[in-house]
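Right, one structure below, let's go through it.
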Amino acid sequence: MFLLVGLGNPGPKYAGNRHNIGFMAVDEIVRRHGFSSWRKRFRGEVSEGTLGGEKVLVLKPLTFMNESGQSVGEALRFLDLEPDKVIVIYDELDLQPGKVRVKLGGGAAGHNGIRSISSHISPHYVRVRLGIGHPGDKNLVYPHVLSDFAKSDKTWVEPLLQAVSEEAVFLVEGDYAKFQNKVHLALNPAPEKPVKKD
């Protein structure tokens with residue numbers, strides 16, 4: 001069994017924020033793969049289903065980003081899982097918009113949600129970082145992550161969420177390179193070769 005966590009802040013005020021791309025991604029996974037309806041549990045909302053034959057519990061912590069670890073820790077202890085069975089999807093400032101990187105373990109790199117989770121369950125879990133781009137000035141970081149995606153961002157946000165959800169099976173299979181590659185190809189399709197005329 002896996003615990004798949006999407007990070008964000010609860011409530012309609014934050015729903016379209018860049019910081020909530022983790023919520024958006026797991027919403028799309030739940031919808032696309034026919035998971036159960038959301039219900040309140042573990043200081044968050046949960047939905048259950050399967051990916052690649054593996055049972056998966058999806059969790060959206062409702063504790064606000066900075067306390068995400070409370071919710072994740074509670075779920076992990078109840079399910080009696082090891083931290084490496086936890087997959088966390090979240091926003092990454094230091095990646096170009098639409099880029100995806102996956103790794104097991106590591107530091108928090110200034111992300112308060114990740115810092116909180118690591119303090120509650122150890123840093124030894126899988127991180128799926130979805131690039132939202134950096135505003136270019138550290139003083140603009142908070143307004144950047146806590147503001148909604150621009151209309152022009154739809155050209156990459158929607159395909160990214162669709163690709164992440166479509167290829168999510170590779171996350172539970174542990175094939176992170178294949179996941180990254182498939183998502184990259186979905187957002188950057190190879191140009192069609194011209195048809196040779198006789």
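As shown in the structure tokens, the chain order sets the letters A, B, ...; within each chain, residues go from 1, and ligands are also counted from 1 in the order they appear.
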
So that I can see what lies close to Arg127 (chain A), please list as a PDB file with N, CA and C atoms, in the first residue's frame the residues with an atom at most 6 Å from it, counting only C-alpha atoms and leaving out residues fewer than 5 positions away in the same chain.
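Listing of result-v1.pdb after writing:
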```
ATOM      1  N   ILE A  87       4.483   9.067  -1.047  1.00  0.00           N
ATOM      2  CA  ILE A  87       4.829   9.850  -2.238  1.00  0.00           C
ATOM      3  C   ILE A  87       4.162  11.216  -2.091  1.00  0.00           C
ATOM      4  N   VAL A  88       4.961  12.277  -2.082  1.00  0.00           N
ATOM      5  CA  VAL A  88       4.436  13.627  -1.873  1.00  0.00           C
ATOM      6  C   VAL A  88       4.598  14.460  -3.147  1.00  0.00           C
ATOM      7  N   VAL A 102      11.658  13.692  -9.677  1.00  0.00           N
ATOM      8  CA  VAL A 102      11.266  12.747  -8.635  1.00  0.00           C
ATOM      9  C   VAL A 102      12.517  12.214  -7.963  1.00  0.00           C
ATOM     10  N   LYS A 103      12.514  12.148  -6.640  1.00  0.00           N
ATOM     11  CA  LYS A 103      13.631  11.511  -5.937  1.00  0.00           C
ATOM     12  C   LYS A 103      13.173  11.009  -4.570  1.00  0.00           C
TER      13      LYS A 103
END
```

- Message: When you look at His111 (chain A) with a cut-off of 9 Å (counting only C-alpha atoms), what residues show up, excluding the ones that are within fewer than 2 positions of it in the same chain? I need them as a list of chain:residue names.
- Response: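 Final neighbour list, sorted by chain and number: A:Asn66, A:Asp91, A:Glu92, A:Ala108, A:Ala109, A:Gly113, A:Ile114, A:Arg115, A:Ser116.
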
- Task: Looking only at alpha helix (DSSP H) from DSSP on the backbone, list the matching residues of region 110-185 of chain A as a PyMOL selection string.
- Result: chain A and resi 112-121+141-145+154-166+169-172+176-185

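Closest approach to Gln162 (chain A) among A:Leu59, A:Ala177, A:Val26, A:Ile121 is made by A:Val26 (distances from only C-alpha atoms).
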
- For region 186-193 of chain A, please output as JSON, numbers by chain all residues within 8 Å (counting only C-alpha atoms; exclusion window: fewer than 3 positions along the same chain). {"A": [98, 156, 159, 160, 163, 182, 183]}

Set the distance at 10 Å and use only C-alpha atoms: which residues neighbour Ser165 (chain A) once local chain neighbours fewer than 6 positions away are removed? I'd like the list as a PDB file with N, CA and C atoms, in the first residue's frame.
```pdb
ATOM      1  N   ALA A  25      -2.946  18.124  -8.581  1.00  0.00           N
ATOM      2  CA  ALA A  25      -2.446  16.884  -9.182  1.00  0.00           C
ATOM      3  C   ALA A  25      -3.170  15.666  -8.611  1.00  0.00           C
ATOM      4  N   VAL A  26      -3.333  15.604  -7.285  1.00  0.00           N
ATOM      5  CA  VAL A  26      -4.001  14.415  -6.722  1.00  0.00           C
ATOM      6  C   VAL A  26      -5.503  14.429  -7.029  1.00  0.00           C
ATOM      7  N   ASP A  27      -6.093  15.616  -7.141  1.00  0.00           N
ATOM      8  CA  ASP A  27      -7.501  15.690  -7.572  1.00  0.00           C
ATOM      9  C   ASP A  27      -7.671  15.033  -8.935  1.00  0.00           C
ATOM     10  N   GLU A  28      -6.722  15.310  -9.831  1.00  0.00           N
ATOM     11  CA  GLU A  28      -6.785  14.767 -11.187  1.00  0.00           C
ATOM     12  C   GLU A  28      -6.547  13.249 -11.183  1.00  0.00           C
ATOM     13  N   ILE A  29      -5.632  12.779 -10.334  1.00  0.00           N
ATOM     14  CA  ILE A  29      -5.379  11.331 -10.211  1.00  0.00           C
ATOM     15  C   ILE A  29      -6.636  10.620  -9.720  1.00  0.00           C
ATOM     16  N   VAL A  30      -7.265  11.178  -8.685  1.00  0.00           N
ATOM     17  CA  VAL A  30      -8.490  10.588  -8.118  1.00  0.00           C
ATOM     18  C   VAL A  30      -9.592  10.536  -9.182  1.00  0.00           C
ATOM     19  N   ARG A  31      -9.732  11.625  -9.941  1.00  0.00           N
ATOM     20  CA  ARG A  31     -10.776  11.690 -10.968  1.00  0.00           C
ATOM     21  C   ARG A  31     -10.505  10.700 -12.106  1.00  0.00           C
ATOM     22  N   ARG A  32      -9.292  10.728 -12.609  1.00  0.00           N
ATOM     23  CA  ARG A  32      -8.956   9.919 -13.782  1.00  0.00           C
ATOM     24  C   ARG A  32      -8.981   8.417 -13.501  1.00  0.00           C
ATOM     25  N   HIS A  33      -8.572   8.037 -12.291  1.00  0.00           N
ATOM     26  CA  HIS A  33      -8.459   6.609 -11.986  1.00  0.00           C
ATOM     27  C   HIS A  33      -9.652   6.068 -11.198  1.00  0.00           C
ATOM     28  N   PRO A 159      -1.943  20.352 -19.255  1.00  0.00           N
ATOM     29  CA  PRO A 159      -1.262  19.161 -19.771  1.00  0.00           C
ATOM     30  C   PRO A 159      -0.373  18.485 -18.723  1.00  0.00           C
ATOM     31  N   VAL A 183       6.146  12.127 -18.670  1.00  0.00           N
ATOM     32  CA  VAL A 183       5.548  13.446 -18.446  1.00  0.00           C
ATOM     33  C   VAL A 183       6.219  14.470 -19.365  1.00  0.00           C
TER      34      VAL A 183
END
```

- Query: Quick one: distance from CA of Asp94 (chain A) to CA of Arg18 (chain A) in Å, one decimal?
  - Reply: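 These atoms are spaced 13.1 Å apart.
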
- Task: May I ask for the distance between CA of Leu7 (chain A) and CA of Phe23 (chain A), given in Å to one decimal place?
- Result: 5.5 Å

- Pick out the closest residue to Leu76 (chain A) from this set: A:Arg101, A:Lys40, A:His120, A:Lys60. Count only C-alpha atoms.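 Among the listed residues, the smallest separation from Leu76 (chain A) belongs to A:His120.
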
- Task: Return as an MDAnalysis selection string the full set of residues in region 2-166 of chain A whose backbone-based DSSP assignment is strand (DSSP E).
- Result: chainID A and resid 2:6 39:41 44:51 54:61 86:92 100:104 126:131

Atoms kept (N, CA and C atoms) for selection, written as a CSV table (one decimal), in the first residue's frame:
```csv
chain,number,residue,atom,x,y,z
A,2,PHE,N,0.4,2.3,-0.7
A,2,PHE,CA,1.1,3.6,-0.7
A,2,PHE,C,0.2,4.7,-0.2
A,3,LEU,N,0.9,5.7,0.4
A,3,LEU,CA,0.2,6.9,0.8
A,3,LEU,C,0.6,8.0,-0.2
A,4,LEU,N,-0.3,8.5,-1.0
A,4,LEU,CA,0.0,9.5,-2.0
A,4,LEU,C,-0.5,10.9,-1.5
A,5,VAL,N,0.4,11.8,-1.2
A,5,VAL,CA,0.0,13.1,-0.6
A,5,VAL,C,0.1,14.2,-1.6
A,6,GLY,N,-0.9,15.1,-1.7
A,6,GLY,CA,-0.8,16.3,-2.5
A,6,GLY,C,-0.7,17.4,-1.5
A,39,ARG,N,-13.3,11.9,1.7
A,39,ARG,CA,-13.9,12.0,3.1
A,39,ARG,C,-12.9,12.5,4.1
A,40,LYS,N,-13.4,13.0,5.2
A,40,LYS,CA,-12.5,13.6,6.2
A,40,LYS,C,-11.8,12.5,7.0
A,41,ARG,N,-10.5,12.6,7.1
A,41,ARG,CA,-9.7,11.7,8.0
A,41,ARG,C,-8.3,12.2,8.1
A,44,GLY,N,-7.3,15.7,7.3
A,44,GLY,CA,-7.3,16.0,5.9
A,44,GLY,C,-8.5,15.3,5.2
A,45,GLU,N,-8.3,15.2,3.9
A,45,GLU,CA,-9.3,14.5,3.1
A,45,GLU,C,-8.6,13.3,2.4
A,46,VAL,N,-9.3,12.2,2.4
A,46,VAL,CA,-8.7,11.0,1.8
A,46,VAL,C,-9.6,10.4,0.7
A,47,SER,N,-9.0,9.7,-0.2
A,47,SER,CA,-9.7,9.0,-1.2
A,47,SER,C,-8.9,7.7,-1.5
A,48,GLU,N,-9.6,6.6,-1.8
A,48,GLU,CA,-8.9,5.3,-1.9
A,48,GLU,C,-9.1,4.8,-3.3
A,49,GLY,N,-8.1,4.0,-3.8
A,49,GLY,CA,-8.2,3.4,-5.1
A,49,GLY,C,-7.0,2.5,-5.4
A,50,THR,N,-6.8,2.1,-6.6
A,50,THR,CA,-5.6,1.3,-6.9
A,50,THR,C,-4.9,1.9,-8.2
A,51,LEU,N,-3.6,1.8,-8.2
A,51,LEU,CA,-2.7,2.1,-9.3
A,51,LEU,C,-1.8,1.0,-9.6
A,54,GLU,N,-1.7,-1.8,-7.0
A,54,GLU,CA,-1.4,-1.5,-5.7
A,54,GLU,C,-2.5,-0.6,-5.0
A,55,LYS,N,-2.8,-0.9,-3.8
A,55,LYS,CA,-3.7,-0.1,-3.1
A,55,LYS,C,-3.1,1.3,-2.8
A,56,VAL,N,-3.8,2.4,-3.0
A,56,VAL,CA,-3.3,3.7,-2.7
A,56,VAL,C,-4.3,4.5,-2.0
A,57,LEU,N,-3.8,5.2,-0.9
A,57,LEU,CA,-4.7,6.1,-0.2
A,57,LEU,C,-4.1,7.5,-0.5
A,58,VAL,N,-5.0,8.3,-1.1
A,58,VAL,CA,-4.6,9.7,-1.4
A,58,VAL,C,-5.0,10.6,-0.3
A,59,LEU,N,-4.1,11.5,0.1
A,59,LEU,CA,-4.3,12.4,1.2
A,59,LEU,C,-4.1,13.8,0.9
A,60,LYS,N,-5.0,14.7,1.2
A,60,LYS,CA,-4.8,16.2,1.1
A,60,LYS,C,-4.9,16.7,2.5
A,61,PRO,N,-3.7,17.1,3.1
A,61,PRO,CA,-3.8,17.6,4.5
A,61,PRO,C,-4.6,18.9,4.5
A,86,VAL,N,5.6,6.5,1.1
A,86,VAL,CA,4.9,7.8,1.0
A,86,VAL,C,5.4,8.6,-0.2
A,87,ILE,N,4.5,9.1,-1.0
A,87,ILE,CA,4.8,9.8,-2.2
A,87,ILE,C,4.2,11.2,-2.1
A,88,VAL,N,5.0,12.3,-2.1
A,88,VAL,CA,4.4,13.6,-1.9
A,88,VAL,C,4.6,14.5,-3.1
A,89,ILE,N,3.5,15.0,-3.6
A,89,ILE,CA,3.5,15.9,-4.8
A,89,ILE,C,3.4,17.3,-4.4
A,90,TYR,N,4.3,18.2,-4.9
A,90,TYR,CA,4.2,19.6,-4.4
A,90,TYR,C,4.9,20.5,-5.4
A,91,ASP,N,4.7,21.8,-5.2
A,91,ASP,CA,5.3,22.9,-6.0
A,91,ASP,C,6.8,23.1,-5.8
A,92,GLU,N,7.5,23.4,-6.9
A,92,GLU,CA,8.9,23.6,-6.8
A,92,GLU,C,9.3,24.9,-7.5
A,100,VAL,N,9.4,18.4,-14.2
A,100,VAL,CA,9.1,17.4,-13.1
A,100,VAL,C,10.3,16.7,-12.7
A,101,ARG,N,10.5,16.6,-11.4
A,101,ARG,CA,11.7,15.8,-10.9
A,101,ARG,C,11.2,14.9,-9.7
A,102,VAL,N,11.7,13.7,-9.7
A,102,VAL,CA,11.3,12.7,-8.6
A,102,VAL,C,12.5,12.2,-8.0
A,103,LYS,N,12.5,12.1,-6.6
A,103,LYS,CA,13.6,11.5,-5.9
A,103,LYS,C,13.2,11.0,-4.6
A,104,LEU,N,13.9,10.1,-4.0
A,104,LEU,CA,13.7,9.5,-2.7
A,104,LEU,C,14.6,10.2,-1.7
A,126,VAL,N,9.3,9.7,-0.9
A,126,VAL,CA,9.5,10.1,-2.4
A,126,VAL,C,8.9,11.5,-2.6
A,127,ARG,N,9.6,12.3,-3.2
A,127,ARG,CA,9.2,13.7,-3.6
A,127,ARG,C,9.0,13.8,-5.1
A,128,VAL,N,7.8,14.3,-5.4
A,128,VAL,CA,7.5,14.6,-6.8
A,128,VAL,C,7.4,16.1,-6.9
A,129,ARG,N,8.4,16.8,-7.5
A,129,ARG,CA,8.4,18.2,-7.5
A,129,ARG,C,7.9,18.7,-8.9
A,130,LEU,N,6.9,19.5,-8.8
A,130,LEU,CA,6.3,20.1,-10.1
A,130,LEU,C,6.7,21.6,-10.2
A,131,GLY,N,7.5,21.9,-11.2
A,131,GLY,CA,8.0,23.2,-11.4
A,131,GLY,C,7.0,24.3,-11.6
```

- For the atom pair CA of Glu158 (chain A) and CA of Met24 (chain A), what is the interatomic distance in Å to one decimal place?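 These two atoms are separated by 9.7 Å.
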
- Item | Minimum-distance residue to Ser147 (chain A), chosen among A:Arg43, A:Lys99, A:Lys13, A:His184 (using only C-alpha atoms) | A:Lys13

- Message: I'd like to know which of A:Asn20, A:Asn139, A:Ser122, A:Asn9 is closest to Asp84 (chain A), using only C-alpha atoms.
- Response: A:Ser122

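When only C-alpha atoms are used to measure the gap to Pro97 (chain A), the shortest distance among A:Ser119, A:Ser152, A:Ser68, A:Thr63 belongs to A:Ser152.
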
- Residue among A:Asn17, A:Gln180, A:Gln70, A:Ser118 lying closest to Ile132 (chain A), counting only C-alpha atoms: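 Smallest distance to Ile132 (chain A) is found for A:Asn17.
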